[in-house]
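Here is the file entry_5.cif (mmCIF, C-alpha atoms (C1' of nucleotides)).
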```cif
data_my_file
loop_
_atom_site.label_atom_id
_atom_site.label_comp_id
_atom_site.auth_asym_id
_atom_site.auth_seq_id
_atom_site.Cartn_x
_atom_site.Cartn_y
_atom_site.Cartn_z
CA MET A 1217 214.72 225.93 229.04
CA ALA A 1218 217.79 227.91 229.98
CA ARG A 1219 220.81 229.67 228.66
CA LYS A 1220 223.41 227.86 226.56
CA LYS A 1221 227.08 227.52 227.53
CA GLU A 1222 229.21 229.98 225.63
CA TYR A 1223 232.23 227.74 225.75
CA ASN A 1224 233.09 224.18 224.84
CA GLU A 1225 234.43 222.14 227.75
CA GLU A 1226 236.82 220.16 225.59
CA VAL A 1227 238.24 223.34 224.11
CA VAL A 1228 238.84 225.09 227.43
CA ILE A 1229 240.27 221.99 229.11
CA GLU A 1230 242.80 221.66 226.31
CA LYS A 1231 243.91 225.20 227.05
CA ALA A 1232 244.13 224.37 230.75
CA MET A 1233 246.11 221.24 229.93
CA HIS A 1234 248.69 223.22 227.98
CA LEU A 1235 249.12 225.67 230.85
CA LEU A 1236 249.43 222.94 233.48
CA TRP A 1237 251.83 221.03 231.28
CA LYS A 1238 254.09 224.01 230.77
CA ASN A 1239 253.71 225.52 234.21
CA GLY A 1240 253.04 222.74 236.71
CA TYR A 1241 250.03 222.20 238.92
CA GLU A 1242 251.11 223.89 242.16
CA THR A 1243 252.52 226.96 240.47
CA THR A 1244 249.41 227.47 238.35
CA SER A 1245 246.67 229.45 240.09
CA MET A 1246 242.96 229.57 239.40
CA GLN A 1247 243.51 233.14 238.27
CA MET A 1248 245.95 231.95 235.61
CA LEU A 1249 243.58 229.17 234.59
CA GLU A 1250 240.74 231.68 234.25
CA LYS A 1251 242.81 233.79 231.91
CA GLU A 1252 244.13 230.89 229.85
CA MET A 1253 240.79 229.11 229.56
CA GLY A 1254 239.05 232.37 228.76
CA ILE A 1255 236.19 231.70 231.16
CA ASN A 1256 235.19 232.78 234.65
CA LYS A 1257 236.01 230.95 237.87
CA PHE A 1258 232.32 230.26 238.22
CA SER A 1259 232.30 228.44 234.91
CA ILE A 1260 235.43 226.48 235.77
CA TYR A 1261 233.89 225.31 239.02
CA SER A 1262 230.52 224.50 237.49
CA SER A 1263 232.19 222.45 234.77
CA PHE A 1264 235.04 220.78 236.65
CA GLY A 1265 234.23 221.13 240.35
CA SER A 1266 237.67 222.06 241.64
CA LYS A 1267 241.23 222.81 240.69
CA THR A 1268 242.00 219.10 241.06
CA GLY A 1269 239.06 218.43 238.74
CA VAL A 1270 240.70 220.60 236.12
CA LEU A 1271 243.92 218.65 236.57
CA LEU A 1272 242.14 215.30 236.23
CA GLU A 1273 240.40 216.35 233.03
CA SER A 1274 243.65 217.83 231.75
CA ILE A 1275 245.39 214.50 232.29
CA LYS A 1276 242.61 212.77 230.35
CA CYS A 1277 243.05 215.32 227.59
CA TYR A 1278 246.81 214.77 227.67
CA ARG A 1279 246.33 211.05 227.26
CA LYS A 1280 244.13 211.63 224.23
CA LYS A 1281 246.76 213.90 222.76
CA ILE A 1282 249.63 211.51 223.36
CA LYS A 1283 247.67 208.77 221.60
CA VAL A 1284 249.32 210.01 218.40
CA ILE A 1285 252.56 208.43 219.51
CA THR A 1286 251.23 205.60 221.71
CA ASP A 1287 249.06 204.40 218.82
CA LYS A 1288 252.09 204.48 216.57
CA LEU A 1289 253.85 202.27 219.11
CA LEU A 1290 250.81 200.00 219.35
CA LYS A 1291 250.67 199.55 215.59
CA SER A 1292 254.39 198.99 215.20
CA ASN A 1293 255.54 195.41 215.17
CA ASN A 1294 259.27 195.79 215.21
CA GLY A 1295 259.85 195.01 218.89
CA ILE A 1296 262.50 196.98 220.74
CA LYS A 1297 263.15 199.13 217.69
CA GLY A 1298 259.61 200.46 217.96
CA ILE A 1299 260.09 201.22 221.64
CA LYS A 1300 263.24 203.15 220.86
CA GLN A 1301 261.33 205.12 218.27
CA TYR A 1302 258.74 205.91 220.94
CA PHE A 1303 261.48 207.47 223.09
CA TYR A 1304 262.42 209.80 220.25
CA ASP A 1305 258.77 210.45 219.43
CA PHE A 1306 258.18 211.43 223.03
CA LEU A 1307 260.97 214.02 222.96
CA LEU A 1308 259.38 215.67 219.94
CA PHE A 1309 255.94 215.43 221.50
CA SER A 1310 257.17 217.07 224.72
CA LYS A 1311 258.11 220.29 222.97
CA ASP A 1312 255.65 223.10 222.42
CA HIS A 1313 255.43 225.25 219.30
CA ASN A 1314 258.31 227.41 220.55
CA ASP A 1315 260.51 224.35 221.13
CA PHE A 1316 260.08 224.82 224.88
CA VAL A 1317 260.54 221.44 226.57
CA ARG A 1318 257.65 220.74 228.89
CA GLY A 1319 258.45 217.14 229.76
CA CYS A 1320 255.41 214.93 230.32
CA LEU A 1321 252.32 216.24 232.11
CA VAL A 1322 251.88 212.94 233.93
CA THR A 1323 255.52 212.71 234.97
CA ASN A 1324 255.63 216.36 235.98
CA THR A 1325 252.55 215.85 238.12
CA ALA A 1326 254.00 212.70 239.65
CA ASN A 1327 257.13 214.63 240.53
CA GLU A 1328 255.04 217.26 242.30
CA LEU A 1329 253.27 214.75 244.46
CA TYR A 1330 254.25 214.21 248.04
CA ASP A 1331 252.45 212.45 250.91
CA ASN A 1332 249.38 214.63 250.99
CA SER A 1333 248.26 214.02 247.42
CA ASP A 1334 244.83 213.37 246.01
CA SER A 1335 244.13 209.68 245.45
CA LYS A 1336 242.23 210.21 242.18
CA VAL A 1337 245.29 211.90 240.76
CA THR A 1338 247.70 209.22 241.89
CA SER A 1339 245.51 206.44 240.46
CA GLN A 1340 245.29 208.30 237.13
CA LEU A 1341 249.06 208.48 237.11
CA SER A 1342 249.66 204.81 237.84
CA THR A 1343 247.04 203.79 235.29
CA PHE A 1344 248.84 205.76 232.62
CA THR A 1345 252.21 204.35 233.62
CA ASN A 1346 250.80 200.84 233.48
CA GLU A 1347 249.35 201.48 230.04
CA ILE A 1348 252.71 202.54 228.66
CA ARG A 1349 254.44 199.59 230.30
CA ASN A 1350 251.90 197.26 228.65
CA LEU A 1351 252.66 198.81 225.28
CA PHE A 1352 256.33 198.08 225.88
CA LEU A 1353 255.47 194.55 226.92
CA ASN A 1354 253.41 194.14 223.79
CA ASN A 1355 256.33 195.09 221.58
CA LEU A 1356 258.66 192.91 223.61
CA LYS A 1357 256.50 189.90 222.70
CA GLN A 1358 257.71 190.47 219.16
CA GLU A 1359 261.19 189.65 220.36
CA VAL A 1360 260.83 185.88 220.10
CA ASN A 1361 264.17 185.03 221.62
CA LEU A 1362 263.23 186.49 225.01
CA THR A 1363 261.77 184.57 227.91
CA GLU A 1364 258.69 185.80 229.78
CA LYS A 1365 260.82 186.92 232.71
CA GLU A 1366 263.23 188.76 230.45
CA ARG A 1367 260.36 190.57 228.75
CA SER A 1368 258.93 191.65 232.10
CA GLU A 1369 262.30 192.92 233.27
CA GLN A 1370 262.91 194.77 230.03
CA ALA A 1371 259.49 196.38 230.33
CA ASP A 1372 260.42 197.60 233.81
CA TYR A 1373 263.75 198.82 232.50
CA PHE A 1374 262.06 200.79 229.73
CA ILE A 1375 259.26 202.24 231.86
CA VAL A 1376 261.73 203.54 234.44
CA SER A 1377 263.89 204.84 231.60
CA ILE A 1378 261.09 206.75 229.87
CA PHE A 1379 260.02 208.23 233.20
CA GLY A 1380 263.60 209.28 233.81
CA LEU A 1381 263.88 210.70 230.31
CA ALA A 1382 260.73 212.73 230.76
CA SER A 1383 262.08 214.24 233.97
CA ALA A 1384 265.55 214.78 232.59
CA SER A 1385 264.24 216.35 229.38
CA LYS A 1386 263.49 219.57 231.26
CA VAL A 1387 267.05 219.86 232.56
CA PHE A 1388 269.48 218.40 230.03
CA ASN A 1389 270.13 219.34 226.43
CA LYS A 1390 269.18 217.54 223.26
CA SER A 1391 272.57 215.96 222.75
CA GLN A 1392 272.65 214.53 226.26
CA LEU A 1393 269.14 213.15 225.91
CA HIS A 1394 269.95 211.48 222.60
CA ILE A 1395 273.06 209.93 224.10
CA PHE A 1396 270.89 208.62 226.90
CA ILE A 1397 268.43 207.00 224.49
CA GLU A 1398 271.17 205.52 222.32
CA ASN A 1399 272.80 203.92 225.35
CA ILE A 1400 269.52 202.66 226.77
CA PHE A 1401 269.00 200.76 223.51
CA LYS A 1402 272.60 199.77 222.92
CA GLU A 1403 272.55 196.06 222.25
CA GLU A 1404 275.00 193.51 223.52
CA MET B 474 277.29 243.37 273.83
CA ALA B 475 273.99 241.72 273.16
CA ARG B 476 271.98 238.61 273.63
CA LYS B 477 273.22 235.24 272.34
CA LYS B 478 271.39 233.14 269.75
CA GLU B 479 269.55 230.30 271.42
CA TYR B 480 269.90 228.10 268.36
CA ASN B 481 272.66 226.85 266.09
CA GLU B 482 272.17 227.74 262.43
CA GLU B 483 273.70 224.53 261.17
CA VAL B 484 271.43 222.49 263.41
CA VAL B 485 268.20 224.21 262.39
CA ILE B 486 269.07 224.23 258.68
CA GLU B 487 269.61 220.49 258.78
CA LYS B 488 266.11 220.12 260.17
CA ALA B 489 264.79 222.40 257.42
CA MET B 490 266.70 220.38 254.83
CA HIS B 491 265.08 217.14 255.96
CA LEU B 492 261.61 218.69 255.75
CA LEU B 493 262.22 220.19 252.29
CA TRP B 494 263.72 216.94 251.09
CA LYS B 495 260.76 214.89 252.22
CA ASN B 496 258.06 217.42 251.47
CA GLY B 497 259.20 219.58 248.55
CA TYR B 498 259.80 223.31 248.44
CA GLU B 499 256.46 224.61 247.19
CA THR B 500 254.37 222.45 249.49
CA THR B 501 256.39 223.40 252.56
CA SER B 502 255.21 226.60 254.24
CA MET B 503 257.08 228.95 256.56
CA GLN B 504 254.72 227.78 259.27
CA MET B 505 255.90 224.20 258.79
CA LEU B 506 259.52 225.32 258.70
CA GLU B 507 259.02 227.24 261.96
CA LYS B 508 257.70 224.14 263.66
CA GLU B 509 260.35 221.80 262.23
CA MET B 510 263.26 224.12 262.88
CA GLY B 511 261.98 224.92 266.35
CA ILE B 512 262.53 228.65 265.96
CA ASN B 513 260.42 231.70 265.21
CA LYS B 514 259.82 233.17 261.77
CA PHE B 515 261.76 236.21 262.92
CA SER B 516 264.79 234.06 263.63
CA ILE B 517 264.48 232.26 260.29
CA TYR B 518 264.40 235.56 258.43
CA SER B 519 267.24 237.11 260.42
CA SER B 520 269.40 234.06 259.78
CA PHE B 521 268.47 233.14 256.21
CA GLY B 522 266.72 236.19 254.74
CA SER B 523 263.89 234.44 252.93
CA LYS B 524 262.27 231.11 252.21
CA THR B 525 264.52 230.79 249.17
CA GLY B 526 267.46 231.49 251.49
CA VAL B 527 266.42 228.51 253.60
CA LEU B 528 266.28 226.39 250.45
CA LEU B 529 269.72 227.52 249.31
CA GLU B 530 271.28 226.73 252.68
CA SER B 531 269.41 223.44 252.76
CA ILE B 532 270.89 222.49 249.41
CA LYS B 533 274.37 223.32 250.73
CA CYS B 534 273.63 221.17 253.76
CA TYR B 535 272.39 218.39 251.48
CA ARG B 536 275.60 218.50 249.50
CA LYS B 537 277.61 218.16 252.69
CA LYS B 538 275.52 215.20 253.71
CA ILE B 539 275.78 213.44 250.36
CA LYS B 540 279.55 213.78 250.52
CA VAL B 541 279.52 210.42 252.31
CA ILE B 542 278.76 208.73 249.02
CA THR B 543 280.36 211.20 246.59
CA ASP B 544 283.64 210.93 248.50
CA LYS B 545 283.40 207.19 248.30
CA LEU B 546 283.05 207.54 244.54
CA LEU B 547 285.94 210.00 244.41
CA LYS B 548 288.23 207.64 246.31
CA SER B 549 287.23 204.60 244.31
CA ASN B 550 289.46 203.73 241.39
CA ASN B 551 287.56 200.94 239.75
CA GLY B 552 286.05 202.93 236.87
CA ILE B 553 282.51 202.15 235.82
CA LYS B 554 282.13 199.64 238.63
CA GLY B 555 282.52 202.47 241.12
CA ILE B 556 279.90 204.53 239.31
CA LYS B 557 277.48 201.62 239.43
CA GLN B 558 278.12 201.33 243.16
CA TYR B 559 277.30 205.05 243.47
CA PHE B 560 273.88 204.40 241.92
CA TYR B 561 273.15 201.79 244.58
CA ASP B 562 274.63 203.99 247.30
CA PHE B 563 272.35 206.78 246.23
CA LEU B 564 269.24 204.61 246.57
CA LEU B 565 270.19 203.82 250.17
CA PHE B 566 271.05 207.45 250.85
CA SER B 567 267.68 208.61 249.50
CA LYS B 568 265.71 206.73 252.14
CA ASP B 569 264.92 208.21 255.53
CA HIS B 570 264.97 206.31 258.82
CA ASN B 571 261.50 204.94 258.10
CA ASP B 572 262.56 203.67 254.66
CA PHE B 573 260.51 206.47 253.07
CA VAL B 574 262.02 207.26 249.66
CA ARG B 575 262.64 210.98 249.34
CA GLY B 576 264.55 210.97 246.07
CA CYS B 577 267.25 213.64 245.82
CA LEU B 578 266.70 217.14 247.22
CA VAL B 579 268.47 218.69 244.24
CA THR B 580 266.56 216.65 241.68
CA ASN B 581 263.26 217.19 243.46
CA THR B 582 263.90 220.92 243.46
CA ALA B 583 264.86 220.86 239.79
CA ASN B 584 261.63 219.06 239.01
CA GLU B 585 259.66 221.77 240.80
CA LEU B 586 261.23 224.55 238.79
CA TYR B 587 259.43 226.15 235.92
CA ASP B 588 260.10 229.40 234.04
CA ASN B 589 259.73 231.76 236.94
CA SER B 590 262.45 230.28 239.12
CA ASP B 591 265.12 231.94 241.20
CA SER B 592 268.48 232.10 239.43
CA LYS B 593 270.53 231.38 242.55
CA VAL B 594 268.65 228.14 242.97
CA THR B 595 269.07 227.08 239.35
CA SER B 596 272.81 227.82 239.43
CA GLN B 597 273.18 225.80 242.64
CA LEU B 598 271.45 222.93 240.89
CA SER B 599 273.58 222.99 237.77
CA THR B 600 276.75 223.30 239.84
CA PHE B 601 275.82 220.17 241.75
CA THR B 602 274.94 218.31 238.57
CA ASN B 603 278.26 219.30 237.04
CA GLU B 604 280.12 218.12 240.11
CA ILE B 605 278.57 214.68 239.92
CA ARG B 606 279.23 214.49 236.19
CA ASN B 607 282.89 215.33 236.85
CA LEU B 608 283.08 212.54 239.38
CA PHE B 609 281.76 210.17 236.74
CA LEU B 610 284.28 211.54 234.23
CA ASN B 611 287.04 211.02 236.77
CA ASN B 612 286.17 207.36 237.18
CA LEU B 613 285.79 206.95 233.43
CA LYS B 614 289.42 208.02 233.05
CA GLN B 615 290.26 204.77 234.80
CA GLU B 616 288.78 202.92 231.84
CA VAL B 617 291.90 203.07 229.70
CA ASN B 618 290.33 201.56 226.60
CA LEU B 619 287.95 204.49 226.14
CA THR B 620 288.56 207.53 223.97
CA GLU B 621 288.06 211.06 225.27
CA LYS B 622 284.83 211.38 223.31
CA GLU B 623 283.52 208.06 224.57
CA ARG B 624 284.23 209.10 228.14
CA SER B 625 282.38 212.35 227.71
CA GLU B 626 279.39 210.60 226.20
CA GLN B 627 279.37 207.97 228.93
CA ALA B 628 279.46 210.75 231.53
CA ASP B 629 276.41 212.31 229.91
CA TYR B 630 274.72 208.95 229.80
CA PHE B 631 275.34 208.38 233.49
CA ILE B 632 274.38 211.87 234.66
CA VAL B 633 271.05 211.71 232.83
CA SER B 634 270.58 208.19 234.22
CA ILE B 635 271.20 209.13 237.83
CA PHE B 636 268.89 212.12 237.47
CA GLY B 637 266.25 209.81 236.04
CA LEU B 638 266.82 207.29 238.79
CA ALA B 639 266.41 209.95 241.46
CA SER B 640 263.10 211.04 239.97
CA ALA B 641 261.89 207.51 239.37
CA SER B 642 262.87 206.37 242.86
CA LYS B 643 259.84 208.14 244.30
CA VAL B 644 257.44 206.32 241.98
CA PHE B 645 258.75 202.84 241.22
CA ASN B 646 259.56 199.96 243.52
CA LYS B 647 262.92 198.62 244.62
CA SER B 648 262.90 195.73 242.17
CA GLN B 649 262.20 198.00 239.19
CA LEU B 650 264.91 200.43 240.26
CA HIS B 651 267.47 197.63 240.61
CA ILE B 652 266.55 196.30 237.18
CA PHE B 653 267.08 199.80 235.83
CA ILE B 654 270.55 200.07 237.35
CA GLU B 655 271.57 196.60 236.21
CA ASN B 656 270.56 197.39 232.64
CA ILE B 657 272.22 200.79 232.65
CA PHE B 658 275.48 199.06 233.51
CA LYS B 659 274.98 195.97 231.38
CA GLU B 660 278.11 195.60 229.30
CA GLU B 661 278.29 194.58 225.71
"C1'" DA C 1450 274.43 249.63 287.57
"C1'" DT C 1451 273.35 251.48 283.39
"C1'" DT C 1452 273.44 251.62 278.58
"C1'" DT C 1453 273.57 249.32 274.33
"C1'" DT C 1454 272.42 245.97 271.22
"C1'" DA C 1455 270.63 241.95 269.37
"C1'" DA C 1456 267.60 237.95 269.93
"C1'" DC C 1457 263.35 236.92 271.28
"C1'" DT C 1458 257.66 236.76 271.17
"C1'" DA C 1459 253.67 237.62 268.97
"C1'" DA C 1460 250.85 240.08 266.26
"C1'" DA C 1461 249.92 242.07 261.97
"C1'" DC C 1462 251.00 242.85 257.24
"C1'" DA C 1463 249.36 242.93 252.24
"C1'" DA C 1464 248.84 239.59 248.78
"C1'" DT C 1465 247.22 235.61 247.02
"C1'" DC C 1466 245.27 231.04 247.43
"C1'" DG C 1467 241.07 227.96 246.10
"C1'" DT C 1468 236.22 228.38 246.56
"C1'" DT C 1469 231.45 230.34 247.03
"C1'" DT C 1470 227.70 233.32 246.45
"C1'" DA C 1471 224.61 237.11 245.33
"C1'" DG C 1472 222.76 239.34 241.50
"C1'" DT C 1473 222.18 239.81 236.33
"C1'" DT C 1474 221.58 238.13 231.65
"C1'" DA C 1475 220.08 235.19 228.15
"C1'" DT C 1476 217.66 231.28 226.36
"C1'" DT C 1477 213.99 228.01 226.02
"C1'" DG C 1478 209.29 225.66 226.92
"C1'" DG C 1479 204.68 226.43 227.89
"C1'" DC D 1241 204.71 236.90 226.55
"C1'" DC D 1242 205.92 235.09 230.61
"C1'" DA D 1243 207.86 232.01 233.81
"C1'" DA D 1244 211.68 228.94 234.67
"C1'" DT D 1245 216.26 227.83 234.64
"C1'" DA D 1246 221.00 227.80 233.87
"C1'" DA D 1247 225.11 230.49 232.43
"C1'" DC D 1248 227.03 234.54 233.11
"C1'" DT D 1249 229.66 238.73 235.93
"C1'" DA D 1250 231.83 240.28 239.73
"C1'" DA D 1251 232.56 240.65 244.28
"C1'" DA D 1252 233.54 238.54 248.50
"C1'" DC D 1253 234.68 234.59 251.17
"C1'" DG D 1254 237.88 232.67 254.96
"C1'" DA D 1255 242.25 230.66 255.01
"C1'" DT D 1256 246.92 230.71 254.20
"C1'" DT D 1257 250.94 232.48 251.76
"C1'" DG D 1258 255.72 234.75 252.61
"C1'" DT D 1259 257.33 238.72 255.01
"C1'" DT D 1260 257.66 242.65 258.40
"C1'" DT D 1261 257.34 245.10 262.58
"C1'" DA D 1262 256.41 246.77 267.22
"C1'" DG D 1263 257.45 245.63 271.85
"C1'" DT D 1264 259.93 242.69 275.34
"C1'" DT D 1265 263.86 240.12 277.19
"C1'" DA D 1266 268.50 239.00 277.97
"C1'" DA D 1267 273.44 239.47 277.68
"C1'" DA D 1268 277.69 241.93 277.23
"C1'" DA D 1269 280.53 246.57 277.58
"C1'" DT D 1270 281.38 250.69 279.83
#
```

Would it be possible to restate this file's structure as structure tokens?
Amino acid sequence: MARKKEYNEEVVIEKAMHLLWKNGYETTSMQMLEKEMGINKFSIYSSFGSKTGVLLESIKCYRKKIKVITDKLLKSNNGIKGIKQYFYDFLLFSKDHNDFVRGCLVTNTANELYDNSDSKVTSQLSTFTNEIRNLFLNNLKQEVNLTEKERSEQADYFIVSIFGLASASKVFNKSQLHIFIENIFKEE
Amino acid sequence: MARKKEYNEEVVIEKAMHLLWKNGYETTSMQMLEKEMGINKFSIYSSFGSKTGVLLESIKCYRKKIKVITDKLLKSNNGIKGIKQYFYDFLLFSKDHNDFVRGCLVTNTANELYDNSDSKVTSQLSTFTNEIRNLFLNNLKQEVNLTEKERSEQADYFIVSIFGLASASKVFNKSQLHIFIENIFKEE
DNA sequence: ATTTTAACTAAACAATCGTTTAGTTATTGG
DNA sequence: CCAATAACTAAACGATTGTTTAGTTAAAAT
């Protein structure tokens, strides 16, 4: 018995996600979000509650989007080789249509966080990190010659490495990043 | 023929540096800097010109402070082993007196930068990064069995790794970070 | 002792931040 | 057709951002 929304929440949050990904949370203002999402502040607040709400939904959207490469990892059954491929897949995924390297929205957000941060955000971040680590662990189970402890340690090694790669991707060049990956997966 | 400054610029910039290191540039306001530095906004502006000026001087101060471990690396002549030691030294250096992990001021700042950033800051950052890479290269020259190309690639590998470690140090625990370092330096 | 000059205090600056609200428009159910 | 309700526009909110400025205080030079 009332007016219909003129926008689709999933559509506008994807636009917000792209802006936050490229631009960072702190340096993105509500004014910029308004413009990018194509809707009024009123609509943003009625749909998402707050700027943090926009971030939280954007992270959810990001996780849906990155499923393209996490699902590929999940479905792979070639152990460490699949994990290495994920590192390269991530680098491609991190670039926008103009080849601008945006890193990882989750990692970027984590890097922006200091003491004062919102707990819903931090828990979203650690959930995501844990999910990726579990994917690594899953693939490491395909390496039959490894002990449980070795698999756990390798998973930690890889999760710290991919976090580092995501951060470094915004600073170093392609060649340096590829050298990094090749050395991470250099086998003894 | 005029009044004397009641503060020492090196002293107050060190205080600013500690706050920016712990708290990040964007999330630290002039009000907070006033309080931490113990001087008025007027004094901050007359001494450092702008908030960015405070950051630039803080980075210089940071580089002086980190010389404790970079000099150790410079004086070492045990090749890759010395570089590995630098990674561990950095982790200790990154913690404050309450064991709070602050990462690296330079890396933190780099992670905060997006398109719009000040060029003086970015050039400070890349200069520092280059300096560390050169230190790595220097130690790699002590590995006589490596070719020039291999040394250069290893230097890239290590500089991306230490950048990644600095970012990751604020998110992951001690055990995970040590596993990372051990694997980075695992020899074939 | 007086003048000069710079460092100080404290208030104000315009701009922008995230958020809210008053008023209007459009849609739907009765 | 009308009443009800939610989505819209647009302006304003108070707070805080980085920066500046007027007025006072103190120290050195003549």

Can you spell out as a JSON list (two decimals) with C-alpha atoms, in the frame of the given file the set of residues that the PyMOL selection byres ((chain B) within 9 of (chain D)) selects in the structure I just provided?
```
[["chain", "number", "residue", "atom", "x", "y", "z"],
["B", 474, "MET", "CA", 277.29, 243.37, 273.83],
["B", 475, "ALA", "CA", 273.99, 241.72, 273.16],
["B", 476, "ARG", "CA", 271.98, 238.61, 273.63],
["B", 477, "LYS", "CA", 273.22, 235.24, 272.34],
["B", 502, "SER", "CA", 255.21, 226.60, 254.24],
["B", 503, "MET", "CA", 257.08, 228.95, 256.56],
["B", 515, "PHE", "CA", 261.76, 236.21, 262.92],
["B", 518, "TYR", "CA", 264.40, 235.56, 258.43],
["B", 523, "SER", "CA", 263.89, 234.44, 252.93],
["B", 524, "LYS", "CA", 262.27, 231.11, 252.21]]
```

I would like the residues chosen by the PyMOL selection byres ((chain C) within 6 of (chain A)) on the shown file; could you give them as a ChimeraX atom specification? /C:1475-1478

Identify all residues satisfying the PyMOL selection byres ((chain A and resi 1222-1237) around 10) in the given file; provide them as a compact mmCIF listing (two decimals) with C-alpha atoms (C1' of nucleotides), in the coordinates of the input.
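Contents of the output file out-v8.txt:
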```
# COMPACT_ATOMS: atom_id res chain seq x y z
CA ARG A 1219 220.81 229.67 228.66
CA LYS A 1220 223.41 227.86 226.56
CA LYS A 1221 227.08 227.52 227.53
CA LYS A 1238 254.09 224.01 230.77
CA ASN A 1239 253.71 225.52 234.21
CA GLY A 1240 253.04 222.74 236.71
CA TYR A 1241 250.03 222.20 238.92
CA GLU A 1242 251.11 223.89 242.16
CA THR A 1243 252.52 226.96 240.47
CA THR A 1244 249.41 227.47 238.35
CA SER A 1245 246.67 229.45 240.09
CA MET A 1248 245.95 231.95 235.61
CA LEU A 1249 243.58 229.17 234.59
CA GLU A 1250 240.74 231.68 234.25
CA LYS A 1251 242.81 233.79 231.91
CA GLU A 1252 244.13 230.89 229.85
CA MET A 1253 240.79 229.11 229.56
CA GLY A 1254 239.05 232.37 228.76
CA ILE A 1255 236.19 231.70 231.16
CA SER A 1259 232.30 228.44 234.91
CA ILE A 1260 235.43 226.48 235.77
CA SER A 1263 232.19 222.45 234.77
CA PHE A 1264 235.04 220.78 236.65
CA VAL A 1270 240.70 220.60 236.12
CA LEU A 1271 243.92 218.65 236.57
CA LEU A 1272 242.14 215.30 236.23
CA GLU A 1273 240.40 216.35 233.03
CA SER A 1274 243.65 217.83 231.75
CA ILE A 1275 245.39 214.50 232.29
CA LYS A 1276 242.61 212.77 230.35
CA CYS A 1277 243.05 215.32 227.59
CA TYR A 1278 246.81 214.77 227.67
CA LYS A 1281 246.76 213.90 222.76
CA SER A 1310 257.17 217.07 224.72
CA ASP A 1312 255.65 223.10 222.42
CA VAL A 1317 260.54 221.44 226.57
CA ARG A 1318 257.65 220.74 228.89
CA GLY A 1319 258.45 217.14 229.76
CA CYS A 1320 255.41 214.93 230.32
CA LEU A 1321 252.32 216.24 232.11
CA VAL A 1322 251.88 212.94 233.93
CA THR A 1323 255.52 212.71 234.97
CA ASN A 1324 255.63 216.36 235.98
CA THR A 1325 252.55 215.85 238.12
C1' DA D 1247 225.11 230.49 232.43
C1' DC D 1248 227.03 234.54 233.11
```

What are the residues of chain B that have an atom within 7 Å of an atom of chain A, counting all atoms listed in the file, as a ChimeraX atom specification? /B:496,584-585,587,626,629-630,633,636-638,640-641,649,652-653,656-657,660-661

Keeping only C-alpha atoms, write those residues as a short mmCIF file (atom, residue, chain, number, x, y, z; two decimals), in the coordinates of the input.
```
data_model
loop_
_atom_site.label_atom_id
_atom_site.label_comp_id
_atom_site.auth_asym_id
_atom_site.auth_seq_id
_atom_site.Cartn_x
_atom_site.Cartn_y
_atom_site.Cartn_z
CA ASN B 496 258.06 217.42 251.47
CA ASN B 584 261.63 219.06 239.01
CA GLU B 585 259.66 221.77 240.80
CA TYR B 587 259.43 226.15 235.92
CA GLU B 626 279.39 210.60 226.20
CA ASP B 629 276.41 212.31 229.91
CA TYR B 630 274.72 208.95 229.80
CA VAL B 633 271.05 211.71 232.83
CA PHE B 636 268.89 212.12 237.47
CA GLY B 637 266.25 209.81 236.04
CA LEU B 638 266.82 207.29 238.79
CA SER B 640 263.10 211.04 239.97
CA ALA B 641 261.89 207.51 239.37
CA GLN B 649 262.20 198.00 239.19
CA ILE B 652 266.55 196.30 237.18
CA PHE B 653 267.08 199.80 235.83
CA ASN B 656 270.56 197.39 232.64
CA ILE B 657 272.22 200.79 232.65
CA GLU B 660 278.11 195.60 229.30
CA GLU B 661 278.29 194.58 225.71
#
```

Between CA of Ser1368 (chain A) and CA of Thr1286 (chain A), what is the distance in Å, rounded to a tenth?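 One can read the CA of Ser1368 (chain A) to CA of Thr1286 (chain A) distance as 19.0 Å.
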
May I ask for the distance between CA of Asp572 (chain B) and CA of Asn646 (chain B), given in Å to one decimal place?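 That distance, rounded to one decimal, is 12.1 Å.
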
Output as JSON the centre and edge lengths (Å, one decimal) of the box along x, y and z of the file that holds every listed atom of region 1263-1270 of chain D after adding 5 Å on each side.
```
{"center_x": 269.4, "center_y": 244.8, "center_z": 275.8, "size_x": 33.9, "size_y": 21.7, "size_z": 18.0}
```

Can you tell me which residues surround Asn1293 (chain A) at a distance of at most 8 Å, considering only C-alpha atoms (C1' of nucleotides), apart from same-chain residues fewer than 4 positions away, and format the answer as a PyMOL selection string? chain A and resi 1298+1355+1358

Because some atoms of region 590-594 of chain B are absent here, can you restore N, CA and C atoms and send them as a JSON list (two decimals), in the frame of the given file?
```json
[["chain", "number", "residue", "atom", "x", "y", "z"],
["B", 590, "SER", "N", 261.65, 230.65, 237.94],
["B", 590, "SER", "CA", 262.45, 230.28, 239.12],
["B", 590, "SER", "C", 263.61, 231.22, 239.45],
["B", 591, "ASP", "N", 264.01, 231.15, 240.70],
["B", 591, "ASP", "CA", 265.12, 231.94, 241.20],
["B", 591, "ASP", "C", 266.45, 231.49, 240.58],
["B", 592, "SER", "N", 267.26, 232.45, 240.15],
["B", 592, "SER", "CA", 268.48, 232.10, 239.43],
["B", 592, "SER", "C", 269.55, 231.52, 240.36],
["B", 593, "LYS", "N", 269.57, 231.95, 241.61],
["B", 593, "LYS", "CA", 270.53, 231.38, 242.55],
["B", 593, "LYS", "C", 270.27, 229.90, 242.78],
["B", 594, "VAL", "N", 269.00, 229.55, 242.80],
["B", 594, "VAL", "CA", 268.65, 228.14, 242.97],
["B", 594, "VAL", "C", 269.09, 227.34, 241.76]]
```
